[in-house]
>>> print(open('work06.cif').read())   # mmCIF, N, CA, C and O atoms
data_data
loop_
_atom_site.label_atom_id
_atom_site.label_comp_id
_atom_site.auth_asym_id
_atom_site.auth_seq_id
_atom_site.Cartn_x
_atom_site.Cartn_y
_atom_site.Cartn_z
N MET R 1 115.86 105.59 101.95
CA MET R 1 116.37 106.17 100.72
C MET R 1 115.93 107.63 100.59
O MET R 1 116.70 108.47 100.14
N PHE R 2 114.68 107.88 100.99
CA PHE R 2 114.18 109.25 100.90
C PHE R 2 114.96 110.16 101.85
O PHE R 2 115.28 111.31 101.50
N SER R 3 115.30 109.65 103.02
CA SER R 3 116.07 110.44 103.99
C SER R 3 117.46 110.75 103.45
O SER R 3 117.97 111.86 103.66
N ALA R 4 118.06 109.81 102.76
CA ALA R 4 119.37 110.06 102.15
C ALA R 4 119.27 111.13 101.07
O ALA R 4 120.17 111.97 100.93
N SER R 5 118.19 111.12 100.33
CA SER R 5 117.98 112.13 99.31
C SER R 5 117.85 113.52 99.93
O SER R 5 118.46 114.48 99.44
N ILE R 6 117.09 113.62 100.99
CA ILE R 6 116.93 114.91 101.67
C ILE R 6 118.25 115.35 102.31
O ILE R 6 118.61 116.53 102.29
N LEU R 7 119.00 114.39 102.87
CA LEU R 7 120.30 114.71 103.45
C LEU R 7 121.25 115.28 102.40
O LEU R 7 121.94 116.27 102.64
N LEU R 8 121.29 114.67 101.22
CA LEU R 8 122.12 115.21 100.15
C LEU R 8 121.65 116.59 99.72
O LEU R 8 122.46 117.45 99.37
N GLN R 9 120.35 116.79 99.73
CA GLN R 9 119.79 118.10 99.39
C GLN R 9 120.31 119.17 100.36
O GLN R 9 120.74 120.24 99.95
N ILE R 10 120.28 118.85 101.64
CA ILE R 10 120.75 119.80 102.66
C ILE R 10 122.26 119.97 102.58
O ILE R 10 122.78 121.09 102.72
N LEU R 11 122.99 118.88 102.32
CA LEU R 11 124.44 118.97 102.20
C LEU R 11 124.87 119.83 101.01
O LEU R 11 125.88 120.54 101.08
N ALA R 12 124.13 119.75 99.91
CA ALA R 12 124.45 120.58 98.75
C ALA R 12 124.37 122.06 99.11
O ALA R 12 125.12 122.88 98.56
N CYS R 13 123.49 122.38 100.03
CA CYS R 13 123.36 123.77 100.47
C CYS R 13 124.41 124.12 101.52
O CYS R 13 125.04 125.18 101.48
N ALA R 14 124.59 123.24 102.50
CA ALA R 14 125.45 123.55 103.64
C ALA R 14 126.93 123.55 103.28
O ALA R 14 127.69 124.39 103.77
N ILE R 15 127.36 122.65 102.42
CA ILE R 15 128.78 122.56 102.07
C ILE R 15 129.25 123.83 101.38
O ILE R 15 130.33 124.35 101.67
N TYR R 16 128.44 124.35 100.50
CA TYR R 16 128.83 125.53 99.73
C TYR R 16 128.28 126.83 100.32
O TYR R 16 128.42 127.89 99.72
N ASN R 17 127.63 126.74 101.48
CA ASN R 17 127.09 127.90 102.18
C ASN R 17 126.20 128.76 101.27
O ASN R 17 126.31 129.98 101.22
N ASN R 18 125.35 128.06 100.52
CA ASN R 18 124.45 128.72 99.59
C ASN R 18 123.15 127.92 99.60
O ASN R 18 123.15 126.72 99.28
N TRP R 19 122.06 128.56 99.92
CA TRP R 19 120.80 127.84 100.11
C TRP R 19 119.88 127.90 98.89
O TRP R 19 118.73 127.49 98.95
N TRP R 20 120.36 128.39 97.76
CA TRP R 20 119.55 128.39 96.54
C TRP R 20 119.19 126.98 96.06
O TRP R 20 118.11 126.79 95.50
N PRO R 21 120.04 125.97 96.22
CA PRO R 21 119.65 124.64 95.76
C PRO R 21 118.41 124.07 96.46
O PRO R 21 117.81 123.12 95.97
N MET R 22 118.01 124.66 97.56
CA MET R 22 116.80 124.18 98.25
C MET R 22 115.54 124.41 97.43
O MET R 22 114.49 123.84 97.74
N LEU R 23 115.63 125.22 96.37
CA LEU R 23 114.47 125.41 95.50
C LEU R 23 114.02 124.09 94.86
O LEU R 23 112.83 123.88 94.63
N SER R 24 114.96 123.22 94.58
CA SER R 24 114.57 121.94 93.97
C SER R 24 113.90 121.03 94.98
O SER R 24 113.20 120.09 94.60
N ALA R 25 114.08 121.27 96.28
CA ALA R 25 113.35 120.49 97.29
C ALA R 25 111.86 120.79 97.23
O ALA R 25 111.04 119.93 97.57
N LEU R 26 111.52 121.97 96.74
CA LEU R 26 110.10 122.30 96.54
C LEU R 26 109.47 121.34 95.53
O LEU R 26 108.32 120.93 95.69
N MET R 27 110.24 120.95 94.54
CA MET R 27 109.72 120.03 93.53
C MET R 27 109.51 118.64 94.12
O MET R 27 108.64 117.90 93.67
N TYR R 28 110.31 118.26 95.13
CA TYR R 28 110.10 116.97 95.78
C TYR R 28 108.74 116.92 96.46
O TYR R 28 108.14 115.86 96.58
N VAL R 29 108.27 118.06 96.89
CA VAL R 29 106.94 118.14 97.51
C VAL R 29 105.86 118.09 96.43
O VAL R 29 104.80 117.50 96.62
N LEU R 30 106.14 118.68 95.28
CA LEU R 30 105.13 118.76 94.22
C LEU R 30 104.99 117.49 93.39
O LEU R 30 103.95 117.28 92.78
N VAL R 31 106.03 116.65 93.34
CA VAL R 31 105.97 115.43 92.51
C VAL R 31 104.82 114.51 92.91
O VAL R 31 104.08 114.04 92.04
N PRO R 32 104.59 114.20 94.19
CA PRO R 32 103.51 113.26 94.51
C PRO R 32 102.12 113.89 94.54
O PRO R 32 101.12 113.16 94.65
N MET R 33 102.00 115.19 94.42
CA MET R 33 100.69 115.83 94.51
C MET R 33 99.70 115.40 93.43
O MET R 33 98.53 115.17 93.73
N PRO R 34 100.11 115.26 92.16
CA PRO R 34 99.13 114.78 91.18
C PRO R 34 98.59 113.39 91.50
O PRO R 34 97.41 113.11 91.26
N CYS R 35 99.44 112.52 92.07
CA CYS R 35 98.97 111.18 92.46
C CYS R 35 97.92 111.29 93.56
O CYS R 35 96.95 110.54 93.58
N LEU R 36 98.16 112.20 94.49
CA LEU R 36 97.22 112.34 95.61
C LEU R 36 95.91 112.97 95.17
O LEU R 36 94.83 112.53 95.59
N PHE R 37 95.97 114.00 94.33
CA PHE R 37 94.76 114.72 93.96
C PHE R 37 93.98 114.06 92.84
O PHE R 37 92.76 113.98 92.89
N PHE R 38 94.67 113.58 91.80
CA PHE R 38 93.99 113.06 90.62
C PHE R 38 93.96 111.54 90.56
O PHE R 38 93.10 110.98 89.91
N GLY R 39 94.91 110.89 91.21
CA GLY R 39 95.00 109.43 91.12
C GLY R 39 94.46 108.71 92.33
O GLY R 39 94.54 107.49 92.39
N GLY R 40 93.96 109.43 93.31
CA GLY R 40 93.42 108.79 94.50
C GLY R 40 94.48 108.16 95.38
O GLY R 40 94.21 107.23 96.11
N GLY R 41 95.71 108.65 95.31
CA GLY R 41 96.78 108.12 96.13
C GLY R 41 97.48 106.92 95.53
O GLY R 41 98.43 106.40 96.09
N SER R 42 97.06 106.46 94.38
CA SER R 42 97.66 105.30 93.73
C SER R 42 98.55 105.77 92.58
O SER R 42 98.27 106.76 91.91
N THR R 43 99.63 105.04 92.35
CA THR R 43 100.52 105.38 91.24
C THR R 43 100.22 104.55 89.99
O THR R 43 100.92 104.68 89.00
N GLN R 44 99.20 103.72 90.03
CA GLN R 44 98.92 102.83 88.90
C GLN R 44 98.42 103.57 87.67
O GLN R 44 98.56 103.08 86.56
N PHE R 45 97.86 104.75 87.84
CA PHE R 45 97.36 105.49 86.68
C PHE R 45 98.50 105.99 85.80
O PHE R 45 98.29 106.27 84.63
N LEU R 46 99.71 106.10 86.35
CA LEU R 46 100.83 106.61 85.57
C LEU R 46 101.24 105.65 84.45
O LEU R 46 101.74 106.07 83.41
N THR R 47 101.05 104.35 84.66
CA THR R 47 101.44 103.37 83.65
C THR R 47 100.26 102.87 82.84
O THR R 47 100.43 102.04 81.96
N SER R 48 99.05 103.34 83.13
CA SER R 48 97.87 102.85 82.42
C SER R 48 97.74 103.57 81.07
O SER R 48 98.28 104.64 80.86
N GLN R 49 97.01 102.96 80.19
CA GLN R 49 96.76 103.53 78.88
C GLN R 49 95.46 104.33 78.85
O GLN R 49 95.07 104.84 77.80
N ASP R 50 94.81 104.42 80.00
CA ASP R 50 93.56 105.19 80.08
C ASP R 50 93.85 106.65 79.79
O ASP R 50 94.88 107.19 80.14
N SER R 51 92.88 107.26 79.14
CA SER R 51 93.02 108.69 78.89
C SER R 51 91.73 109.37 79.29
O SER R 51 90.64 108.92 78.96
N GLY R 52 91.88 110.38 80.02
CA GLY R 52 90.77 111.20 80.45
C GLY R 52 91.34 112.54 80.86
O GLY R 52 92.56 112.70 81.00
N GLY R 53 90.49 113.49 81.08
CA GLY R 53 90.97 114.82 81.42
C GLY R 53 91.83 114.86 82.66
O GLY R 53 92.92 115.42 82.66
N TRP R 54 91.37 114.22 83.74
CA TRP R 54 92.11 114.28 85.00
C TRP R 54 93.33 113.38 84.98
O TRP R 54 94.37 113.73 85.57
N ILE R 55 93.25 112.25 84.31
CA ILE R 55 94.41 111.35 84.24
C ILE R 55 95.52 111.99 83.42
O ILE R 55 96.69 111.95 83.80
N ASN R 56 95.16 112.60 82.31
CA ASN R 56 96.17 113.27 81.49
C ASN R 56 96.77 114.47 82.22
O ASN R 56 97.96 114.73 82.10
N ALA R 57 95.94 115.18 82.97
CA ALA R 57 96.45 116.31 83.76
C ALA R 57 97.44 115.82 84.82
O ALA R 57 98.48 116.45 85.04
N ALA R 58 97.12 114.71 85.46
CA ALA R 58 98.01 114.16 86.49
C ALA R 58 99.34 113.72 85.88
O ALA R 58 100.40 113.96 86.46
N LYS R 59 99.29 113.08 84.72
CA LYS R 59 100.52 112.66 84.05
C LYS R 59 101.36 113.88 83.65
O LYS R 59 102.58 113.88 83.80
N PHE R 60 100.69 114.92 83.16
CA PHE R 60 101.41 116.13 82.76
C PHE R 60 102.07 116.81 83.95
O PHE R 60 103.25 117.18 83.89
N PHE R 61 101.34 116.98 85.05
CA PHE R 61 101.90 117.66 86.22
C PHE R 61 103.02 116.84 86.87
O PHE R 61 103.98 117.40 87.39
N THR R 62 102.89 115.52 86.86
CA THR R 62 103.96 114.68 87.39
C THR R 62 105.22 114.83 86.55
O THR R 62 106.32 114.98 87.08
N GLY R 63 105.06 114.81 85.24
CA GLY R 63 106.22 114.98 84.36
C GLY R 63 106.83 116.36 84.46
O GLY R 63 108.05 116.51 84.47
N ALA R 64 105.99 117.39 84.55
CA ALA R 64 106.50 118.76 84.66
C ALA R 64 107.27 118.96 85.95
O ALA R 64 108.32 119.62 85.97
N SER R 65 106.78 118.40 87.04
CA SER R 65 107.49 118.57 88.31
C SER R 65 108.79 117.74 88.33
O SER R 65 109.78 118.16 88.93
N ALA R 66 108.80 116.60 87.65
CA ALA R 66 110.03 115.81 87.56
C ALA R 66 111.08 116.53 86.72
O ALA R 66 112.26 116.56 87.07
N VAL R 67 110.66 117.13 85.62
CA VAL R 67 111.59 117.90 84.79
C VAL R 67 112.08 119.13 85.55
O VAL R 67 113.25 119.51 85.46
N GLY R 68 111.19 119.74 86.33
CA GLY R 68 111.58 120.89 87.13
C GLY R 68 112.63 120.55 88.16
O GLY R 68 113.49 121.37 88.49
N SER R 69 112.59 119.33 88.68
CA SER R 69 113.59 118.90 89.65
C SER R 69 114.99 118.86 89.05
O SER R 69 115.98 119.08 89.74
N LEU R 70 115.07 118.56 87.78
CA LEU R 70 116.36 118.57 87.09
C LEU R 70 116.71 119.96 86.56
O LEU R 70 117.88 120.34 86.53
N ALA R 71 115.70 120.71 86.14
CA ALA R 71 115.95 122.00 85.50
C ALA R 71 116.40 123.07 86.49
O ALA R 71 117.23 123.92 86.13
N ILE R 72 115.88 123.05 87.70
CA ILE R 72 116.22 124.11 88.66
C ILE R 72 117.72 124.15 88.95
O ILE R 72 118.32 125.23 88.87
N PRO R 73 118.38 123.02 89.28
CA PRO R 73 119.83 123.12 89.51
C PRO R 73 120.61 123.55 88.26
O PRO R 73 121.60 124.27 88.37
N ILE R 74 120.15 123.13 87.08
CA ILE R 74 120.84 123.51 85.84
C ILE R 74 120.71 125.02 85.62
O ILE R 74 121.69 125.69 85.27
N ILE R 75 119.53 125.55 85.83
CA ILE R 75 119.32 126.99 85.65
C ILE R 75 120.12 127.78 86.68
O ILE R 75 120.73 128.81 86.35
N LEU R 76 120.12 127.31 87.92
CA LEU R 76 120.89 128.00 88.96
C LEU R 76 122.39 127.97 88.66
O LEU R 76 123.10 128.95 88.91
N ARG R 77 122.88 126.86 88.12
CA ARG R 77 124.30 126.78 87.76
C ARG R 77 124.60 127.68 86.58
O ARG R 77 125.63 128.34 86.53
N HIS R 78 123.71 127.72 85.61
CA HIS R 78 123.93 128.57 84.44
C HIS R 78 123.95 130.05 84.84
O HIS R 78 124.73 130.83 84.27
N ALA R 79 123.14 130.42 85.81
CA ALA R 79 123.12 131.80 86.29
C ALA R 79 124.25 132.07 87.29
O ALA R 79 124.33 133.17 87.83
N GLU R 80 125.09 131.07 87.53
CA GLU R 80 126.21 131.14 88.46
C GLU R 80 125.79 131.49 89.87
O GLU R 80 126.49 132.19 90.60
N MET R 81 124.62 130.98 90.26
CA MET R 81 124.14 131.17 91.63
C MET R 81 124.58 130.03 92.54
O MET R 81 124.60 130.18 93.75
N ILE R 82 124.90 128.86 91.94
CA ILE R 82 125.43 127.73 92.70
C ILE R 82 126.67 127.22 91.98
O ILE R 82 126.90 127.52 90.80
N GLN R 83 127.46 126.42 92.67
CA GLN R 83 128.66 125.86 92.08
C GLN R 83 128.35 124.50 91.45
O GLN R 83 127.31 123.90 91.71
N THR R 84 129.28 124.02 90.66
CA THR R 84 129.09 122.75 89.95
C THR R 84 128.95 121.59 90.93
O THR R 84 128.14 120.69 90.70
N GLY R 85 129.70 121.60 92.01
CA GLY R 85 129.61 120.53 93.00
C GLY R 85 128.22 120.45 93.61
O GLY R 85 127.69 119.35 93.82
N ALA R 86 127.63 121.60 93.90
CA ALA R 86 126.27 121.61 94.46
C ALA R 86 125.28 121.05 93.44
O ALA R 86 124.35 120.32 93.81
N MET R 87 125.47 121.38 92.17
CA MET R 87 124.58 120.86 91.14
C MET R 87 124.70 119.34 91.03
O MET R 87 123.69 118.64 90.91
N LEU R 88 125.91 118.82 91.10
CA LEU R 88 126.10 117.37 91.01
C LEU R 88 125.51 116.65 92.23
O LEU R 88 124.94 115.56 92.10
N ILE R 89 125.63 117.26 93.40
CA ILE R 89 125.01 116.67 94.59
C ILE R 89 123.49 116.69 94.45
O ILE R 89 122.80 115.74 94.84
N GLU R 90 122.95 117.74 93.85
CA GLU R 90 121.50 117.82 93.60
C GLU R 90 121.06 116.70 92.65
O GLU R 90 120.00 116.09 92.86
N PHE R 91 121.84 116.43 91.62
CA PHE R 91 121.50 115.36 90.69
C PHE R 91 121.54 114.00 91.37
O PHE R 91 120.69 113.14 91.12
N THR R 92 122.52 113.79 92.24
CA THR R 92 122.59 112.54 93.00
C THR R 92 121.38 112.40 93.91
O THR R 92 120.79 111.32 94.01
N SER R 93 121.00 113.49 94.54
CA SER R 93 119.82 113.49 95.39
C SER R 93 118.57 113.14 94.59
O SER R 93 117.72 112.37 95.03
N PHE R 94 118.45 113.71 93.39
CA PHE R 94 117.30 113.42 92.54
C PHE R 94 117.28 111.96 92.11
O PHE R 94 116.22 111.32 92.09
N PHE R 95 118.45 111.40 91.77
CA PHE R 95 118.53 109.99 91.38
C PHE R 95 118.07 109.08 92.51
O PHE R 95 117.31 108.14 92.29
N ILE R 96 118.50 109.37 93.73
CA ILE R 96 118.06 108.57 94.88
C ILE R 96 116.56 108.73 95.11
O ILE R 96 115.86 107.77 95.42
N PHE R 97 116.05 109.95 94.91
CA PHE R 97 114.62 110.19 95.07
C PHE R 97 113.81 109.40 94.04
O PHE R 97 112.78 108.81 94.37
N VAL R 98 114.29 109.37 92.80
CA VAL R 98 113.59 108.61 91.75
C VAL R 98 113.61 107.12 92.07
O VAL R 98 112.61 106.42 91.89
N CYS R 99 114.74 106.61 92.56
CA CYS R 99 114.81 105.20 92.96
C CYS R 99 113.82 104.90 94.08
O CYS R 99 113.19 103.84 94.11
N THR R 100 113.65 105.84 95.01
CA THR R 100 112.69 105.67 96.09
C THR R 100 111.27 105.59 95.55
O THR R 100 110.48 104.73 95.96
N VAL R 101 110.95 106.46 94.62
CA VAL R 101 109.61 106.46 94.03
C VAL R 101 109.36 105.17 93.26
O VAL R 101 108.28 104.59 93.34
N LEU R 102 110.36 104.70 92.52
CA LEU R 102 110.20 103.46 91.77
C LEU R 102 110.02 102.26 92.70
O LEU R 102 109.22 101.36 92.41
N CYS R 103 110.76 102.24 93.80
CA CYS R 103 110.58 101.16 94.78
C CYS R 103 109.19 101.20 95.39
O CYS R 103 108.55 100.16 95.59
N PHE R 104 108.70 102.40 95.70
CA PHE R 104 107.35 102.54 96.24
C PHE R 104 106.31 102.07 95.24
O PHE R 104 105.36 101.37 95.58
N HIS R 105 106.50 102.45 93.98
CA HIS R 105 105.55 102.05 92.93
C HIS R 105 105.55 100.54 92.77
O HIS R 105 104.49 99.92 92.65
N ARG R 106 106.71 99.95 92.76
CA ARG R 106 106.82 98.48 92.63
C ARG R 106 106.16 97.78 93.81
O ARG R 106 105.45 96.78 93.64
N ALA R 107 106.38 98.28 95.03
CA ALA R 107 105.78 97.68 96.21
C ALA R 107 104.27 97.86 96.24
O ALA R 107 103.55 96.99 96.72
N SER R 108 103.77 98.96 95.69
CA SER R 108 102.33 99.18 95.70
C SER R 108 101.61 98.32 94.67
O SER R 108 100.40 98.11 94.78
N LEU R 109 102.34 97.83 93.66
CA LEU R 109 101.72 96.97 92.66
C LEU R 109 101.53 95.54 93.17
O LEU R 109 100.66 94.82 92.67
N GLU R 110 102.36 95.11 94.10
CA GLU R 110 102.28 93.74 94.59
C GLU R 110 101.24 93.64 95.70
O GLU R 110 101.16 94.48 96.58
N ASP R 111 100.42 92.61 95.63
CA ASP R 111 99.36 92.42 96.61
C ASP R 111 99.85 91.75 97.89
O ASP R 111 99.14 91.68 98.88
N ASP R 112 101.06 91.19 97.88
CA ASP R 112 101.58 90.48 99.03
C ASP R 112 101.91 91.39 100.21
O ASP R 112 102.04 90.94 101.32
N TRP R 113 102.07 92.66 99.96
CA TRP R 113 102.43 93.58 101.03
C TRP R 113 101.21 93.79 101.86
O TRP R 113 100.90 94.24 102.75
#
>>> encode(input="work06.cif", output="structure tokens")
Amino acid sequence: MFSASILLQILACAIYNNWWPMLSALMYVLVPMPCLFFGGGSTQFLTSQDSGGWINAAKFFTGASAVGSLAIPIILRHAEMIQTGAMLIEFTSFFIFVCTVLCFHRASLEDDW
């Protein structure tokens, strides 16, 4: 699923011969970083009710990078740097990426794996 998301990301750039949509791929790299740095590689802190300085920072940075993944194509379209089709392909790519993350989170919660 992640590969399909990256493929759509590249197609959004290649079809319209404009590589500005690749800026949102930077956010795909930044989304898991708070989990790695503040959560110890686990995604369980995102759904916990615990509050602490580092846990709240990790939740904030994860949310900010997720919002940035949606905001970058919208801003680029508003500035007329990309076309509407590229923006819609970017949104599809983001949806597949979110489904991948949710599947990973679900699989990491189960002890049977």
>>> residues_around(input="work06.cif", residues="segment 81-98 of chain R", least_positions_apart="2", cutoff="7 Å", atoms="only N, CA, C and O atoms", output="PyMOL selection string")
chain R and resi 1-2+4-6+8-9+11-13+16+18-21+69+73-79+100-104
>>> write_last_selection(input="work06.cif", atoms="N, CA, C and O atoms", output="short mmCIF file (atom, residue, chain, number, x, y, z; two decimals), in the frame of the given file")
data_model
loop_
_atom_site.label_atom_id
_atom_site.label_comp_id
_atom_site.auth_asym_id
_atom_site.auth_seq_id
_atom_site.Cartn_x
_atom_site.Cartn_y
_atom_site.Cartn_z
N MET R 1 115.86 105.59 101.95
CA MET R 1 116.37 106.17 100.72
C MET R 1 115.93 107.63 100.59
O MET R 1 116.70 108.47 100.14
N PHE R 2 114.68 107.88 100.99
CA PHE R 2 114.18 109.25 100.90
C PHE R 2 114.96 110.16 101.85
O PHE R 2 115.28 111.31 101.50
N ALA R 4 118.06 109.81 102.76
CA ALA R 4 119.37 110.06 102.15
C ALA R 4 119.27 111.13 101.07
O ALA R 4 120.17 111.97 100.93
N SER R 5 118.19 111.12 100.33
CA SER R 5 117.98 112.13 99.31
C SER R 5 117.85 113.52 99.93
O SER R 5 118.46 114.48 99.44
N ILE R 6 117.09 113.62 100.99
CA ILE R 6 116.93 114.91 101.67
C ILE R 6 118.25 115.35 102.31
O ILE R 6 118.61 116.53 102.29
N LEU R 8 121.29 114.67 101.22
CA LEU R 8 122.12 115.21 100.15
C LEU R 8 121.65 116.59 99.72
O LEU R 8 122.46 117.45 99.37
N GLN R 9 120.35 116.79 99.73
CA GLN R 9 119.79 118.10 99.39
C GLN R 9 120.31 119.17 100.36
O GLN R 9 120.74 120.24 99.95
N LEU R 11 122.99 118.88 102.32
CA LEU R 11 124.44 118.97 102.20
C LEU R 11 124.87 119.83 101.01
O LEU R 11 125.88 120.54 101.08
N ALA R 12 124.13 119.75 99.91
CA ALA R 12 124.45 120.58 98.75
C ALA R 12 124.37 122.06 99.11
O ALA R 12 125.12 122.88 98.56
N CYS R 13 123.49 122.38 100.03
CA CYS R 13 123.36 123.77 100.47
C CYS R 13 124.41 124.12 101.52
O CYS R 13 125.04 125.18 101.48
N TYR R 16 128.44 124.35 100.50
CA TYR R 16 128.83 125.53 99.73
C TYR R 16 128.28 126.83 100.32
O TYR R 16 128.42 127.89 99.72
N ASN R 18 125.35 128.06 100.52
CA ASN R 18 124.45 128.72 99.59
C ASN R 18 123.15 127.92 99.60
O ASN R 18 123.15 126.72 99.28
N TRP R 19 122.06 128.56 99.92
CA TRP R 19 120.80 127.84 100.11
C TRP R 19 119.88 127.90 98.89
O TRP R 19 118.73 127.49 98.95
N TRP R 20 120.36 128.39 97.76
CA TRP R 20 119.55 128.39 96.54
C TRP R 20 119.19 126.98 96.06
O TRP R 20 118.11 126.79 95.50
N PRO R 21 120.04 125.97 96.22
CA PRO R 21 119.65 124.64 95.76
C PRO R 21 118.41 124.07 96.46
O PRO R 21 117.81 123.12 95.97
N SER R 69 112.59 119.33 88.68
CA SER R 69 113.59 118.90 89.65
C SER R 69 114.99 118.86 89.05
O SER R 69 115.98 119.08 89.74
N PRO R 73 118.38 123.02 89.28
CA PRO R 73 119.83 123.12 89.51
C PRO R 73 120.61 123.55 88.26
O PRO R 73 121.60 124.27 88.37
N ILE R 74 120.15 123.13 87.08
CA ILE R 74 120.84 123.51 85.84
C ILE R 74 120.71 125.02 85.62
O ILE R 74 121.69 125.69 85.27
N ILE R 75 119.53 125.55 85.83
CA ILE R 75 119.32 126.99 85.65
C ILE R 75 120.12 127.78 86.68
O ILE R 75 120.73 128.81 86.35
N LEU R 76 120.12 127.31 87.92
CA LEU R 76 120.89 128.00 88.96
C LEU R 76 122.39 127.97 88.66
O LEU R 76 123.10 128.95 88.91
N ARG R 77 122.88 126.86 88.12
CA ARG R 77 124.30 126.78 87.76
C ARG R 77 124.60 127.68 86.58
O ARG R 77 125.63 128.34 86.53
N HIS R 78 123.71 127.72 85.61
CA HIS R 78 123.93 128.57 84.44
C HIS R 78 123.95 130.05 84.84
O HIS R 78 124.73 130.83 84.27
N ALA R 79 123.14 130.42 85.81
CA ALA R 79 123.12 131.80 86.29
C ALA R 79 124.25 132.07 87.29
O ALA R 79 124.33 133.17 87.83
N THR R 100 113.65 105.84 95.01
CA THR R 100 112.69 105.67 96.09
C THR R 100 111.27 105.59 95.55
O THR R 100 110.48 104.73 95.96
N VAL R 101 110.95 106.46 94.62
CA VAL R 101 109.61 106.46 94.03
C VAL R 101 109.36 105.17 93.26
O VAL R 101 108.28 104.59 93.34
N LEU R 102 110.36 104.70 92.52
CA LEU R 102 110.20 103.46 91.77
C LEU R 102 110.02 102.26 92.70
O LEU R 102 109.22 101.36 92.41
N CYS R 103 110.76 102.24 93.80
CA CYS R 103 110.58 101.16 94.78
C CYS R 103 109.19 101.20 95.39
O CYS R 103 108.55 100.16 95.59
N PHE R 104 108.70 102.40 95.70
CA PHE R 104 107.35 102.54 96.24
C PHE R 104 106.31 102.07 95.24
O PHE R 104 105.36 101.37 95.58
#
>>> atom_distance(input="work06.cif", atom1="atom N of Trp54 of chain R", atom2="atom O of Val29 of chain R")
18.9 Å
>>> closest_residue(input="work06.cif", among="R:Ile72, R:Gly52, R:His105, R:Glu80", to="Tyr28 of chain R", atoms="only C-alpha atoms")
R:Ile72
>>> resolve_selection(input="work06.cif", expression="the PyMOL selection byres (((chain R and resi 32 and name CA) around 10) and name CA)", output="list of chain:residue names")
R:Met27, R:Tyr28, R:Val29, R:Leu30, R:Val31, R:Met33, R:Pro34, R:Cys35, R:Leu36, R:Phe37, R:Gly39, R:Gly41, R:Ser42, R:Thr43, R:Ala58, R:Phe61, R:Thr62, R:Ser65, R:Ala66, R:Val101
>>> select_by_dssp(input="work06.cif", residues="chain R", states="alpha helix (DSSP H)", output="ChimeraX atom specification")
/R:2-15,23-30,33-37,53-78,84-109
>>> atom_distance(input="work06.cif", atom1="atom C of Ser51 of chain R", atom2="atom C of Leu26 of chain R")
26.9 Å
>>> atom_distance(input="work06.cif", atom1="atom O of Ala64 of chain R", atom2="atom O of Ala14 of chain R")
26.7 Å
>>> build_atoms(input="work06.cif", residues="segment 81-85 of chain R", atoms="all heavy atoms", output="PDB file, in the coordinates of the input")
ATOM      1  N   MET R  81     124.620 130.980  90.260  1.00  0.00           N
ATOM      2  CA  MET R  81     124.140 131.170  91.630  1.00  0.00           C
ATOM      3  C   MET R  81     124.580 130.030  92.540  1.00  0.00           C
ATOM      4  O   MET R  81     124.600 130.180  93.750  1.00  0.00           O
ATOM      5  CB  MET R  81     122.629 131.320  91.633  1.00  0.00           C
ATOM      6  CG  MET R  81     122.148 132.549  90.892  1.00  0.00           C
ATOM      7  SD  MET R  81     120.390 132.712  90.889  1.00  0.00           S
ATOM      8  CE  MET R  81     120.139 133.416  92.493  1.00  0.00           C
ATOM      9  N   ILE R  82     124.900 128.860  91.940  1.00  0.00           N
ATOM     10  CA  ILE R  82     125.430 127.730  92.700  1.00  0.00           C
ATOM     11  C   ILE R  82     126.670 127.220  91.980  1.00  0.00           C
ATOM     12  O   ILE R  82     126.900 127.520  90.800  1.00  0.00           O
ATOM     13  CB  ILE R  82     124.402 126.592  92.877  1.00  0.00           C
ATOM     14  CG1 ILE R  82     124.012 125.973  91.538  1.00  0.00           C
ATOM     15  CG2 ILE R  82     123.193 127.076  93.640  1.00  0.00           C
ATOM     16  CD1 ILE R  82     123.144 124.731  91.661  1.00  0.00           C
ATOM     17  N   GLN R  83     127.460 126.420  92.670  1.00  0.00           N
ATOM     18  CA  GLN R  83     128.660 125.860  92.080  1.00  0.00           C
ATOM     19  C   GLN R  83     128.350 124.500  91.450  1.00  0.00           C
ATOM     20  O   GLN R  83     127.310 123.900  91.710  1.00  0.00           O
ATOM     21  CB  GLN R  83     129.744 125.733  93.137  1.00  0.00           C
ATOM     22  CG  GLN R  83     130.183 127.082  93.668  1.00  0.00           C
ATOM     23  CD  GLN R  83     131.257 126.955  94.711  1.00  0.00           C
ATOM     24  OE1 GLN R  83     131.686 125.861  95.052  1.00  0.00           O
ATOM     25  NE2 GLN R  83     131.694 128.095  95.232  1.00  0.00           N
ATOM     26  N   THR R  84     129.280 124.020  90.660  1.00  0.00           N
ATOM     27  CA  THR R  84     129.090 122.750  89.950  1.00  0.00           C
ATOM     28  C   THR R  84     128.950 121.590  90.930  1.00  0.00           C
ATOM     29  O   THR R  84     128.140 120.690  90.700  1.00  0.00           O
ATOM     30  CB  THR R  84     130.263 122.501  88.982  1.00  0.00           C
ATOM     31  OG1 THR R  84     130.381 123.620  88.106  1.00  0.00           O
ATOM     32  CG2 THR R  84     130.037 121.248  88.172  1.00  0.00           C
ATOM     33  N   GLY R  85     129.700 121.600  92.010  1.00  0.00           N
ATOM     34  CA  GLY R  85     129.610 120.530  93.000  1.00  0.00           C
ATOM     35  C   GLY R  85     128.220 120.450  93.610  1.00  0.00           C
ATOM     36  O   GLY R  85     127.690 119.350  93.820  1.00  0.00           O
TER      37      GLY R  85
END
